[in-house]
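Trainee: Just one file: protein_36.txt, with compact mmCIF, C-alpha atoms.
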# COMPACT_ATOMS: atom_id res chain seq x y z
CA MET N 16 -155.84 -138.20 -31.33
CA LYS N 17 -153.53 -136.81 -28.70
CA ALA N 18 -155.30 -133.50 -28.79
CA GLY N 19 -158.61 -135.14 -28.01
CA VAL N 20 -157.16 -137.00 -25.09
CA GLY N 21 -155.70 -133.77 -23.65
CA LEU N 22 -159.02 -131.98 -23.98
CA PHE N 23 -160.78 -134.79 -22.22
CA SER N 24 -158.26 -134.75 -19.36
CA ALA N 25 -158.65 -131.02 -18.88
CA LEU N 26 -162.44 -131.32 -18.74
CA ALA N 27 -162.26 -134.09 -16.14
CA LEU N 28 -159.89 -132.04 -13.98
CA PHE N 29 -162.26 -129.03 -14.11
CA LEU N 30 -165.25 -131.14 -12.98
CA LEU N 31 -163.25 -132.66 -10.16
CA MET N 32 -162.26 -129.23 -8.81
CA GLY N 33 -165.90 -128.09 -8.99
CA ALA N 34 -166.97 -131.05 -6.85
CA VAL N 35 -164.30 -130.26 -4.27
CA PHE N 36 -165.37 -126.64 -4.05
CA THR N 37 -169.04 -127.58 -3.60
CA GLN N 38 -168.20 -129.82 -0.65
CA ARG N 39 -166.45 -127.07 1.33
CA PRO N 40 -168.83 -125.62 3.89
CA ARG N 41 -169.67 -121.96 3.52
CA GLN N 42 -168.16 -119.97 6.33
CA LYS N 43 -170.75 -118.06 8.29
CA LYS N 44 -170.20 -114.44 9.02
CA PRO N 45 -170.05 -113.70 12.73
CA THR N 46 -173.22 -112.04 14.07
CA ARG N 47 -172.41 -108.73 15.66
CA ARG N 48 -174.17 -107.91 18.90
CA PRO N 49 -174.60 -104.32 20.08
CA VAL N 50 -171.86 -103.44 22.45
CA THR N 51 -173.25 -102.21 25.81
CA THR N 52 -171.01 -100.48 28.23
CA ARG N 53 -172.02 -101.52 31.74
CA LYS N 54 -171.16 -99.27 34.62
CA PRO N 55 -169.38 -101.07 37.37
CA SER N 56 -171.79 -101.78 40.26
CA VAL N 57 -170.95 -99.63 43.21
CA PRO N 58 -172.39 -100.89 46.52
CA LYS N 59 -174.76 -98.36 48.09
CA PRO N 60 -173.65 -97.10 51.47
CA ALA N 61 -175.65 -98.65 54.29
CA VAL N 62 -178.13 -96.22 55.85
CA LEU N 63 -177.38 -96.24 59.53
CA ALA N 64 -180.41 -96.03 61.80
CA GLN N 65 -180.37 -92.79 63.67
CA PRO N 66 -180.09 -93.42 67.39
CA GLU N 67 -182.90 -92.16 69.53
CA PRO N 68 -181.78 -88.77 70.86
CA GLN N 69 -181.70 -88.40 74.58
CA GLU N 70 -183.40 -85.70 76.59
CA PRO N 71 -183.48 -82.78 76.38
CA THR N 72 -182.78 -82.92 72.63
CA ASP N 73 -185.72 -85.18 71.86
CA PHE N 74 -188.29 -82.40 72.11
CA PRO N 75 -189.91 -81.16 68.92
CA PRO N 76 -189.79 -77.40 68.41
CA PRO N 77 -192.47 -75.32 70.16
CA ILE N 78 -195.48 -74.47 68.06
CA LEU N 79 -195.74 -70.72 67.60
CA GLY N 80 -198.95 -69.18 66.38
CA PRO N 81 -199.59 -65.88 64.59
CA PRO N 82 -199.66 -62.66 66.60
CA SER N 83 -202.79 -62.33 68.72
CA ILE N 84 -205.14 -59.40 69.07
CA PHE N 85 -204.06 -59.50 72.72
CA PRO N 86 -200.57 -57.95 72.97
CA ASP N 87 -199.86 -59.91 76.17
CA CYS N 88 -200.64 -63.32 74.64
CA PRO N 89 -197.53 -65.56 74.45
CA ARG N 90 -196.73 -66.70 70.90
CA GLU N 91 -196.70 -70.36 72.00
CA CYS N 92 -200.30 -70.07 73.24
CA LEU N 93 -203.69 -69.16 71.83
CA CYS N 94 -205.89 -66.37 73.15
CA SER N 95 -209.45 -66.54 71.92
CA PRO N 96 -211.37 -63.25 71.67
CA SER N 97 -214.50 -65.12 72.74
CA HIS N 98 -212.78 -66.35 75.94
CA PRO N 99 -210.48 -63.51 77.01
CA ASN N 100 -209.91 -65.05 80.46
CA ALA N 101 -208.57 -68.35 79.08
CA LEU N 102 -204.99 -69.05 77.99
CA ASN N 103 -204.76 -72.16 75.80
CA CYS N 104 -201.23 -73.56 75.72
CA GLU N 105 -201.98 -77.29 75.47
CA ASN N 106 -200.32 -79.51 72.82
CA ARG N 107 -197.77 -76.82 71.86
CA ASN N 108 -194.48 -78.67 72.60
CA ILE N 109 -193.80 -76.21 75.42
CA ARG N 110 -190.84 -76.88 77.72
CA ALA N 111 -191.25 -73.94 80.07
CA ILE N 112 -194.35 -72.06 81.17
CA PRO N 113 -194.56 -68.66 79.45
CA VAL N 114 -195.41 -65.44 81.26
CA ILE N 115 -199.10 -65.62 82.15
CA PRO N 116 -201.21 -62.51 81.39
CA SER N 117 -202.88 -60.92 84.40
CA ARG N 118 -206.35 -61.34 82.85
CA THR N 119 -206.04 -65.17 82.93
CA HIS N 120 -208.53 -67.19 84.99
CA TYR N 121 -208.21 -70.53 83.13
CA LEU N 122 -204.77 -71.87 82.21
CA TYR N 123 -204.42 -74.94 79.99
CA LEU N 124 -200.90 -76.40 79.78
CA GLN N 125 -201.61 -80.12 79.41
CA ASN N 126 -199.79 -82.42 76.96
CA ASN N 127 -196.46 -80.59 76.81
CA TYR N 128 -192.87 -81.17 77.96
CA ILE N 129 -192.79 -79.02 81.08
CA SER N 130 -190.44 -80.43 83.73
CA GLU N 131 -190.59 -77.77 86.45
CA VAL N 132 -193.12 -75.19 87.62
CA THR N 133 -191.57 -72.03 89.03
CA ALA N 134 -193.14 -68.85 90.38
CA GLU N 135 -191.84 -66.35 87.82
CA PRO N 136 -194.49 -66.91 85.09
CA PHE N 137 -197.26 -66.33 87.67
CA LEU N 138 -196.07 -63.00 89.03
CA ASN N 139 -199.01 -61.05 87.60
CA ALA N 140 -201.52 -63.92 87.27
CA THR N 141 -203.12 -63.54 90.67
CA GLU N 142 -206.67 -64.21 89.40
CA ILE N 143 -206.11 -67.76 88.15
CA ARG N 144 -208.88 -70.19 89.15
CA TRP N 145 -208.07 -73.26 87.04
CA VAL N 146 -204.68 -74.79 86.10
CA ASN N 147 -204.34 -77.94 84.00
CA LEU N 148 -200.78 -79.35 83.88
CA ALA N 149 -201.70 -82.95 83.08
CA ASN N 150 -199.44 -85.15 80.97
CA ASN N 151 -196.15 -83.30 81.23
CA ARG N 152 -192.82 -84.26 82.81
CA ILE N 153 -193.14 -82.25 86.00
CA HIS N 154 -190.96 -83.42 88.86
CA ARG N 155 -191.12 -80.28 90.99
CA ILE N 156 -193.58 -77.48 91.76
CA ASP N 157 -192.16 -74.54 93.70
CA LYS N 158 -194.37 -73.81 96.71
CA LYS N 159 -194.04 -70.09 95.92
CA VAL N 160 -196.23 -70.69 92.86
CA PHE N 161 -199.28 -70.99 95.07
CA GLU N 162 -198.45 -67.75 96.87
CA LYS N 163 -198.97 -66.00 93.53
CA ILE N 164 -202.34 -67.66 92.82
CA PRO N 165 -204.14 -67.67 96.20
CA ALA N 166 -207.62 -67.95 94.63
CA LEU N 167 -206.90 -71.23 92.79
CA LEU N 168 -209.85 -73.66 92.79
CA TYR N 169 -208.84 -76.54 90.47
CA LEU N 170 -205.34 -78.00 90.07
CA TYR N 171 -204.80 -80.91 87.68
CA VAL N 172 -201.28 -82.41 87.67
CA GLN N 173 -202.04 -86.03 86.80
CA HIS N 174 -199.66 -88.10 84.66
CA ASN N 175 -196.39 -86.43 85.64
CA HIS N 176 -193.22 -87.33 87.58
CA LEU N 177 -193.98 -85.97 91.04
CA LYS N 178 -192.61 -87.96 93.98
CA GLU N 179 -194.55 -86.19 96.71
CA VAL N 180 -197.65 -84.05 97.09
CA PRO N 181 -196.76 -80.39 96.41
CA SER N 182 -196.46 -78.26 99.52
CA GLY N 183 -197.89 -74.81 100.05
CA LEU N 184 -201.21 -75.62 98.37
CA PRO N 185 -203.70 -72.73 98.61
CA GLU N 186 -206.55 -72.93 101.12
CA SER N 187 -209.04 -72.07 98.38
CA LEU N 188 -208.43 -75.30 96.44
CA GLU N 189 -211.54 -77.43 95.71
CA GLN N 190 -210.15 -80.17 93.44
CA LEU N 191 -206.66 -81.69 93.42
CA ARG N 192 -205.87 -84.37 90.85
CA LEU N 193 -202.48 -86.09 91.24
CA SER N 194 -203.11 -89.51 89.71
CA ARG N 195 -200.44 -91.41 87.76
CA ASN N 196 -197.40 -89.84 89.34
CA ARG N 197 -194.68 -91.42 91.48
CA ILE N 198 -195.87 -90.11 94.82
CA SER N 199 -194.73 -92.17 97.79
CA LYS N 200 -195.03 -89.51 100.46
CA ILE N 201 -197.44 -86.83 101.61
CA PRO N 202 -195.49 -84.21 103.58
CA ALA N 203 -196.78 -83.39 107.04
CA GLY N 204 -199.23 -80.50 106.87
CA ALA N 205 -199.69 -80.78 103.10
CA PHE N 206 -203.46 -80.39 103.52
CA ASN N 207 -203.47 -77.96 106.43
CA LYS N 208 -206.39 -75.53 106.44
CA MET N 209 -207.70 -76.91 103.13
CA GLY N 210 -211.28 -76.96 104.32
CA ASN N 211 -212.66 -76.31 100.83
CA LEU N 212 -211.20 -79.37 99.11
CA THR N 213 -213.95 -81.69 97.84
CA LEU N 214 -211.96 -84.06 95.59
CA LEU N 215 -208.53 -85.59 96.20
CA ASP N 216 -207.31 -88.00 93.52
CA LEU N 217 -204.11 -89.94 94.27
CA TYR N 218 -204.87 -92.90 92.02
CA HIS N 219 -201.98 -94.98 90.65
CA ASN N 220 -199.06 -93.78 92.77
CA LYS N 221 -196.66 -95.47 95.21
CA LEU N 222 -198.27 -94.61 98.52
CA SER N 223 -197.70 -97.07 101.35
CA ASP N 224 -199.00 -97.11 104.92
CA SER N 225 -195.88 -95.31 106.13
CA GLY N 226 -196.44 -92.59 103.54
CA LEU N 227 -199.80 -91.66 105.08
CA GLU N 228 -199.64 -89.97 108.44
CA LYS N 229 -202.45 -90.72 110.87
CA ASN N 230 -204.01 -87.26 110.74
CA ILE N 231 -203.05 -86.29 107.21
CA PHE N 232 -206.70 -85.88 106.15
CA LYS N 233 -208.06 -84.29 109.34
CA ASP N 234 -208.35 -80.74 107.94
CA LEU N 235 -210.29 -81.80 104.84
CA LYS N 236 -213.69 -80.97 106.31
CA SER N 237 -215.44 -80.77 102.92
CA LEU N 238 -213.86 -83.78 101.21
CA MET N 239 -216.41 -85.85 99.30
CA GLN N 240 -214.26 -88.09 97.08
CA LEU N 241 -210.97 -89.74 98.07
CA ASN N 242 -209.26 -91.94 95.49
CA LEU N 243 -206.32 -93.98 96.77
CA ALA N 244 -206.74 -96.86 94.33
CA HIS N 245 -203.75 -98.58 92.73
CA ASN N 246 -201.18 -97.88 95.44
CA VAL N 247 -199.36 -100.22 97.84
CA LEU N 248 -201.51 -99.82 100.96
CA LYS N 249 -201.93 -102.79 103.30
CA LYS N 250 -204.22 -101.05 105.78
CA MET N 251 -207.29 -98.87 105.50
CA PRO N 252 -206.24 -95.18 105.58
CA ALA N 253 -206.78 -93.58 108.97
CA GLY N 254 -208.56 -90.33 109.78
CA ILE N 255 -211.04 -90.29 106.91
CA PRO N 256 -213.18 -87.10 107.06
CA ASN N 257 -216.82 -87.50 108.10
CA SER N 258 -217.91 -85.62 104.99
CA LEU N 259 -216.72 -88.38 102.64
CA ILE N 260 -219.19 -89.79 100.10
CA GLN N 261 -216.92 -91.86 97.82
CA LEU N 262 -213.94 -93.95 98.94
CA PHE N 263 -211.93 -95.78 96.27
CA LEU N 264 -209.26 -98.26 97.42
CA ASP N 265 -209.10 -100.72 94.53
CA ARG N 266 -205.86 -102.52 93.65
CA ASN N 267 -204.02 -102.30 96.94
CA SER N 268 -203.03 -105.10 99.33
CA ILE N 269 -205.58 -104.49 102.10
CA ASP N 270 -206.51 -107.63 104.04
CA ASP N 271 -208.34 -106.23 107.05
CA ILE N 272 -210.98 -103.60 107.89
CA PRO N 273 -211.18 -102.45 111.53
CA LYS N 274 -214.50 -103.14 113.24
CA ASP N 275 -215.63 -99.53 113.62
CA TYR N 276 -213.82 -98.14 110.60
CA PHE N 277 -216.93 -96.69 108.95
CA LYS N 278 -218.49 -95.46 112.19
CA GLY N 279 -219.27 -91.77 112.00
CA LEU N 280 -219.12 -91.60 108.20
CA LYS N 281 -222.71 -90.40 107.89
CA HIS N 282 -222.54 -89.57 104.19
CA LEU N 283 -220.59 -92.52 102.81
CA ALA N 284 -222.41 -93.96 99.78
CA PHE N 285 -219.77 -95.61 97.56
CA VAL N 286 -216.98 -97.95 98.69
CA ARG N 287 -214.70 -99.75 96.25
CA LEU N 288 -212.26 -102.39 97.47
CA ASN N 289 -211.84 -104.51 94.34
CA TYR N 290 -208.53 -106.33 93.80
CA ASN N 291 -207.31 -106.52 97.40
CA GLN N 292 -206.52 -109.37 99.80
CA LEU N 293 -209.76 -109.35 101.78
CA SER N 294 -211.14 -112.55 103.25
CA ASN N 295 -213.98 -113.17 105.71
CA LYS N 296 -211.40 -113.24 108.47
CA GLY N 297 -210.61 -109.58 107.80
CA LEU N 298 -214.28 -108.53 107.56
CA PRO N 299 -215.99 -107.99 110.94
CA LYS N 300 -219.59 -109.25 110.91
CA TYR N 301 -221.36 -105.88 110.83
CA VAL N 302 -218.64 -103.72 109.28
CA PHE N 303 -220.86 -102.93 106.25
CA ASN N 304 -224.01 -102.22 108.24
CA ILE N 305 -224.04 -98.61 107.00
CA THR N 306 -227.42 -97.01 106.36
CA THR N 307 -226.02 -94.53 103.80
CA LEU N 308 -224.12 -97.09 101.72
CA LEU N 309 -225.56 -97.53 98.21
CA ASP N 310 -222.76 -99.21 96.23
CA LEU N 311 -220.29 -101.76 97.65
CA GLN N 312 -217.63 -103.36 95.44
CA LEU N 313 -215.57 -106.27 96.78
CA ALA N 314 -214.69 -108.07 93.54
CA HIS N 315 -211.44 -110.02 93.06
CA ASN N 316 -210.74 -110.78 96.71
CA GLN N 317 -210.68 -114.00 98.77
CA ILE N 318 -214.16 -113.88 100.32
CA VAL N 319 -215.81 -117.27 100.86
CA SER N 320 -219.27 -116.18 102.07
CA VAL N 321 -221.50 -113.18 101.39
CA PRO N 322 -220.91 -110.54 104.08
CA LEU N 323 -223.85 -108.96 105.88
CA PHE N 324 -224.97 -105.55 104.65
CA ASN N 325 -227.62 -102.95 105.35
CA GLY N 326 -231.01 -103.02 103.67
CA HIS N 327 -230.38 -99.65 101.97
CA LEU N 328 -227.61 -101.09 99.78
CA GLU N 329 -228.54 -101.06 96.08
CA HIS N 330 -225.46 -102.46 94.27
CA LEU N 331 -223.25 -105.29 95.51
CA HIS N 332 -220.23 -106.60 93.55
CA LEU N 333 -218.82 -109.91 94.84
CA ASN N 334 -217.62 -111.38 91.56
CA HIS N 335 -214.37 -113.37 91.37
CA ASN N 336 -214.12 -114.47 94.98
CA SER N 337 -214.30 -117.97 96.50
CA ILE N 338 -218.00 -118.09 97.43
CA GLU N 339 -219.45 -121.62 97.23
CA SER N 340 -223.01 -121.02 98.46
CA ILE N 341 -225.43 -118.21 99.19
CA ASN N 342 -228.07 -118.37 101.90
CA GLY N 343 -230.81 -115.78 101.54
CA THR N 344 -232.08 -116.33 105.08
CA GLN N 345 -228.68 -115.50 106.57
CA ILE N 346 -227.87 -112.42 104.48
CA CYS N 347 -231.39 -110.94 104.36
CA PRO N 348 -231.38 -107.63 106.29
CA TYR N 349 -235.01 -108.26 107.34
CA SER N 350 -236.87 -111.29 108.59
CA LEU N 351 -238.56 -113.24 105.83
CA GLN N 352 -241.55 -113.55 108.18
CA ALA N 353 -242.11 -109.79 108.20
CA ASP N 354 -244.94 -108.07 106.34
CA GLN N 355 -243.94 -108.11 102.67
CA SER N 356 -246.88 -106.17 101.28
CA ASP N 357 -245.09 -102.82 101.64
CA LEU N 358 -242.16 -102.93 99.20
CA SER N 359 -240.76 -99.70 100.61
CA LEU N 360 -239.81 -101.64 103.73
CA MET N 361 -238.05 -104.37 101.74
CA PRO N 362 -234.26 -104.46 101.14
CA ARG N 363 -233.33 -102.14 98.25
CA LEU N 364 -230.74 -104.34 96.59
CA ARG N 365 -231.23 -104.04 92.82
CA TYR N 366 -227.99 -105.40 91.36
CA LEU N 367 -226.03 -108.42 92.61
CA ARG N 368 -222.95 -109.74 90.86
CA LEU N 369 -221.64 -113.19 91.84
CA ASP N 370 -219.93 -114.49 88.69
CA GLY N 371 -216.42 -115.88 88.97
CA ASN N 372 -217.23 -117.77 92.21
CA HIS N 373 -217.99 -121.43 92.82
CA LEU N 374 -221.73 -121.00 92.34
CA SER N 375 -224.10 -122.38 89.75
CA PRO N 376 -227.76 -121.64 88.94
CA PRO N 377 -230.51 -121.58 90.01
CA ILE N 378 -230.68 -118.69 92.44
CA PRO N 379 -231.93 -119.92 95.83
CA LEU N 380 -235.58 -119.09 96.38
CA ASP N 381 -234.95 -117.41 99.74
CA VAL N 382 -232.70 -114.88 97.98
CA ILE N 383 -235.50 -114.01 95.57
CA MET N 384 -238.02 -113.82 98.40
CA CYS N 385 -235.87 -111.42 100.41
CA PHE N 386 -234.61 -109.07 97.71
CA ARG N 387 -237.85 -108.19 95.90
CA HIS N 388 -236.25 -105.18 94.18
CA LEU N 389 -233.59 -107.24 92.42
CA HIS N 390 -233.54 -106.35 88.73
CA SER N 391 -230.29 -108.06 87.78
CA ILE N 392 -228.25 -110.89 89.28
CA VAL N 393 -225.14 -112.26 87.60
CA ILE N 394 -224.02 -115.74 88.62
I'd like the structure from this file rewritten - as structure tokens, please.

Mentor:
Amino acid sequence: MKAGVGLFSALALFLLMGAVFTQRPRQKKPTRRPVTTRKPSVPKPAVLAQPEPQEPTDFPPPILGPPSIFPDCPRECLCSPSHPNALNCENRNIRAIPVIPSRTHYLYLQNNYISEVTAEPFLNATEIRWVNLANNRIHRIDKKVFEKIPALLYLYVQHNHLKEVPSGLPESLEQLRLSRNRISKIPAGAFNKMGNLTLLDLYHNKLSDSGLEKNIFKDLKSLMQLNLAHNVLKKMPAGIPNSLIQLFLDRNSIDDIPKDYFKGLKHLAFVRLNYNQLSNKGLPKYVFNITTLLDLQLAHNQIVSVPLFNGHLEHLHLNHNSIESINGTQICPYSLQADQSDLSLMPRLRYLRLDGNHLSPPIPLDVIMCFRHLHSIVI
């Protein structure tokens, strides 16, 4: 009996322990992750912006070409076999003019970094006819240069740093282009004995009335085009040659034209005075009564009434002024009662621009009746 009780007790104890063990939670094995070794982040050094180098270190290196078939051809230039008299040195990053071969007639040096023109490179180049030095950094031209090239016909030095017109210019010169420099002075005698010059371009400089001597143009007996636009002139330039055909004075501060200013200019055909300070007070009544005048431009001024003009005029620009009315009877060069059957006797005005004033359509009938050759009128 006792043995049975002991067996029963042992069985009960075994079952109890099994229940306890089943209630214990199973311990999860830790999940291993791959170990990655990260490099410590090192801050990149800041890239400092390179400062803009100052002159003269800002020039790119000169462009050197292969050896030429001409042994006297500078390496920084090109010598074409088909044009043996031309030396092409433009756009080559040149800082100084190389030695010019004696066979050269046409010299192209534009778009470089030349700052000074001296006589040495021209010692043997006495036959040069054409020199183009546009768009460089030239601030000085030695007058001895022109002693070496006495047969020079065309000199282009626009877009440089010149402060005055070069002296010692050759008498043979026919065209002189000096626009877009810093010229404020024309030395006395700069154009002496230059009777062959036909074109003088001084556009976009710093010329004032005091920078133009009274007789500075007197020796230019063949001058046909004079461009003094975009300067600081307040008066019309004095002593204009009688040979002149084109006179450009746009973008100055001119407010007055002397009564007989155009008298004696028997070839004058084109006059441009746009962007000045002209009003009717500064325009004498018959100042534009010039039989040779074909094109007159007076835009962007302070004119309040249409000035009188000659019947030979073909183009008239009066846009952007203060004109409030236009009277064809008053401005007509001929009487409206005259015989109108012969159109060759009628005023020759073909183009009239009046926009930017205080006018509105329609065009007055007397204007149409007078100017029978009008093809275009802008209002």

Trainee: Measuring atom to atom with all atoms listed in the file, identify which of N:Gln292, N:Ile338, N:Lys300, N:Leu214 is nearest to Gln261 in chain N.

Mentor: N:Leu214

Trainee: Would you list the residues near (-196.2, -61.6, 89.5) (no more than 10 Å away, in the coordinates of the file, using all atoms listed in the file) as a list in words?

Mentor: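 Using all atoms listed in the file, the matching residues come out as Val114, Ile115, Pro116, Ser117, Ala134, Glu135, Pro136, Phe137, Leu138, Asn139, Ala140, Thr141, Val160, Glu162, Lys163 and Ile164 of chain N.
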
Trainee: Please compute the CA of Asn196 in chain N-CA of Tyr128 in chain N distance, one decimal, in Å.

Mentor: 15.0 Å

Trainee: Between CA of Asn336 in chain N and CA of Asn220 in chain N, measure the distance and give it in Å to one decimal.

Mentor: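 According to the coordinates, CA of Asn336 in chain N and CA of Asn220 in chain N are separated by 25.7 Å.
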
Trainee: Quick one: distance from CA of Cys347 in chain N to CA of Ile378 in chain N in Å, one decimal?

Mentor: 14.2 Å

Trainee: Between N:Tyr123, N:Asp270, N:Asn325, N:Lys281, which has the minimum distance to Leu313 in chain N (counting all atoms listed in the file)?

Mentor: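 Of N:Tyr123, N:Asp270, N:Asn325, N:Lys281, the one nearest Leu313 in chain N is N:Asp270, counting all atoms listed in the file.
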
Trainee: Within 9 Å of Ile112 in chain N, counting all atoms listed in the file, which residues qualify if same-chain residues fewer than 3 places away don't, as a ChimeraX atom specification?

Mentor: /N:104,109,115,124,129,131-133,136

Trainee: So which one's closest to Leu293 in chain N, N:Met251, N:Phe277, N:His327, N:Leu191? Using all atoms listed in the file, please.

Mentor: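 Closest to Leu293 in chain N of all the choices is N:Met251.
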
Trainee: When distances are computed from all atoms listed in the file, which of N:Asp265, N:Glu186, N:Glu179, N:Asp87 shows the smallest separation from Phe161 in chain N?

Mentor: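 Result for the nearest residue to Phe161 in chain N: N:Glu186.
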
Trainee: For Leu309 in chain N, list every protein, DNA or RNA residue within 12 Å, evaluated using all atoms listed in the file, and leave out those in the same chain fewer than 5 positions away; present the list as a VMD selection string.

Mentor: chain N and resid 260 to 261 282 to 287 303 to 304 324 to 332 362 to 366

Trainee: Could range 103-117 of chain N be completed with N, CA, C and O atoms and written as an mmCIF file, in the coordinates of the input, please?

Mentor:
data_model
loop_
_atom_site.group_PDB
_atom_site.id
_atom_site.type_symbol
_atom_site.label_atom_id
_atom_site.label_comp_id
_atom_site.auth_asym_id
_atom_site.auth_seq_id
_atom_site.Cartn_x
_atom_site.Cartn_y
_atom_site.Cartn_z
ATOM 1 N N ASN N 103 -204.827 -70.784 76.308
ATOM 2 C CA ASN N 103 -204.760 -72.160 75.800
ATOM 3 C C ASN N 103 -203.342 -72.442 75.296
ATOM 4 O O ASN N 103 -202.954 -71.991 74.215
ATOM 5 N N CYS N 104 -202.607 -73.220 76.070
ATOM 6 C CA CYS N 104 -201.230 -73.560 75.720
ATOM 7 C C CYS N 104 -201.036 -75.075 75.632
ATOM 8 O O CYS N 104 -199.907 -75.566 75.699
ATOM 9 N N GLU N 105 -202.107 -75.837 75.508
ATOM 10 C CA GLU N 105 -201.980 -77.290 75.470
ATOM 11 C C GLU N 105 -201.517 -77.751 74.095
ATOM 12 O O GLU N 105 -201.762 -77.106 73.083
ATOM 13 N N ASN N 106 -200.783 -78.885 74.073
ATOM 14 C CA ASN N 106 -200.320 -79.510 72.820
ATOM 15 C C ASN N 106 -199.487 -78.545 71.965
ATOM 16 O O ASN N 106 -199.627 -78.497 70.746
ATOM 17 N N ARG N 107 -198.581 -77.801 72.602
ATOM 18 C CA ARG N 107 -197.770 -76.820 71.860
ATOM 19 C C ARG N 107 -196.275 -77.110 71.977
ATOM 20 O O ARG N 107 -195.453 -76.262 71.630
ATOM 21 N N ASN N 108 -195.895 -78.289 72.446
ATOM 22 C CA ASN N 108 -194.480 -78.670 72.600
ATOM 23 C C ASN N 108 -193.721 -77.713 73.519
ATOM 24 O O ASN N 108 -192.521 -77.473 73.330
ATOM 25 N N ILE N 109 -194.406 -77.191 74.511
ATOM 26 C CA ILE N 109 -193.800 -76.210 75.420
ATOM 27 C C ILE N 109 -192.924 -76.915 76.445
ATOM 28 O O ILE N 109 -193.296 -77.951 76.992
ATOM 29 N N ARG N 110 -191.749 -76.336 76.708
ATOM 30 C CA ARG N 110 -190.840 -76.880 77.720
ATOM 31 C C ARG N 110 -190.862 -76.088 79.004
ATOM 32 O O ARG N 110 -190.546 -76.613 80.063
ATOM 33 N N ALA N 111 -191.189 -74.817 78.902
ATOM 34 C CA ALA N 111 -191.250 -73.940 80.070
ATOM 35 C C ALA N 111 -192.508 -73.104 79.996
ATOM 36 O O ALA N 111 -192.941 -72.703 78.904
ATOM 37 N N ILE N 112 -193.113 -72.834 81.136
ATOM 38 C CA ILE N 112 -194.350 -72.060 81.170
ATOM 39 C C ILE N 112 -194.049 -70.607 80.801
ATOM 40 O O ILE N 112 -193.145 -69.991 81.382
ATOM 41 N N PRO N 113 -194.778 -70.057 79.823
ATOM 42 C CA PRO N 113 -194.560 -68.660 79.450
ATOM 43 C C PRO N 113 -195.135 -67.709 80.503
ATOM 44 O O PRO N 113 -195.829 -68.138 81.433
ATOM 45 N N VAL N 114 -194.867 -66.449 80.348
ATOM 46 C CA VAL N 114 -195.410 -65.440 81.260
ATOM 47 C C VAL N 114 -196.930 -65.384 81.083
ATOM 48 O O VAL N 114 -197.438 -65.215 79.976
ATOM 49 N N ILE N 115 -197.641 -65.539 82.196
ATOM 50 C CA ILE N 115 -199.100 -65.620 82.150
ATOM 51 C C ILE N 115 -199.696 -64.215 82.253
ATOM 52 O O ILE N 115 -199.374 -63.470 83.187
ATOM 53 N N PRO N 116 -200.567 -63.835 81.313
ATOM 54 C CA PRO N 116 -201.210 -62.510 81.390
ATOM 55 C C PRO N 116 -202.055 -62.369 82.663
ATOM 56 O O PRO N 116 -202.618 -63.347 83.161
ATOM 57 N N SER N 117 -202.156 -61.171 83.149
ATOM 58 C CA SER N 117 -202.880 -60.920 84.400
ATOM 59 C C SER N 117 -204.375 -61.171 84.264
ATOM 60 O O SER N 117 -205.059 -61.392 85.267
#
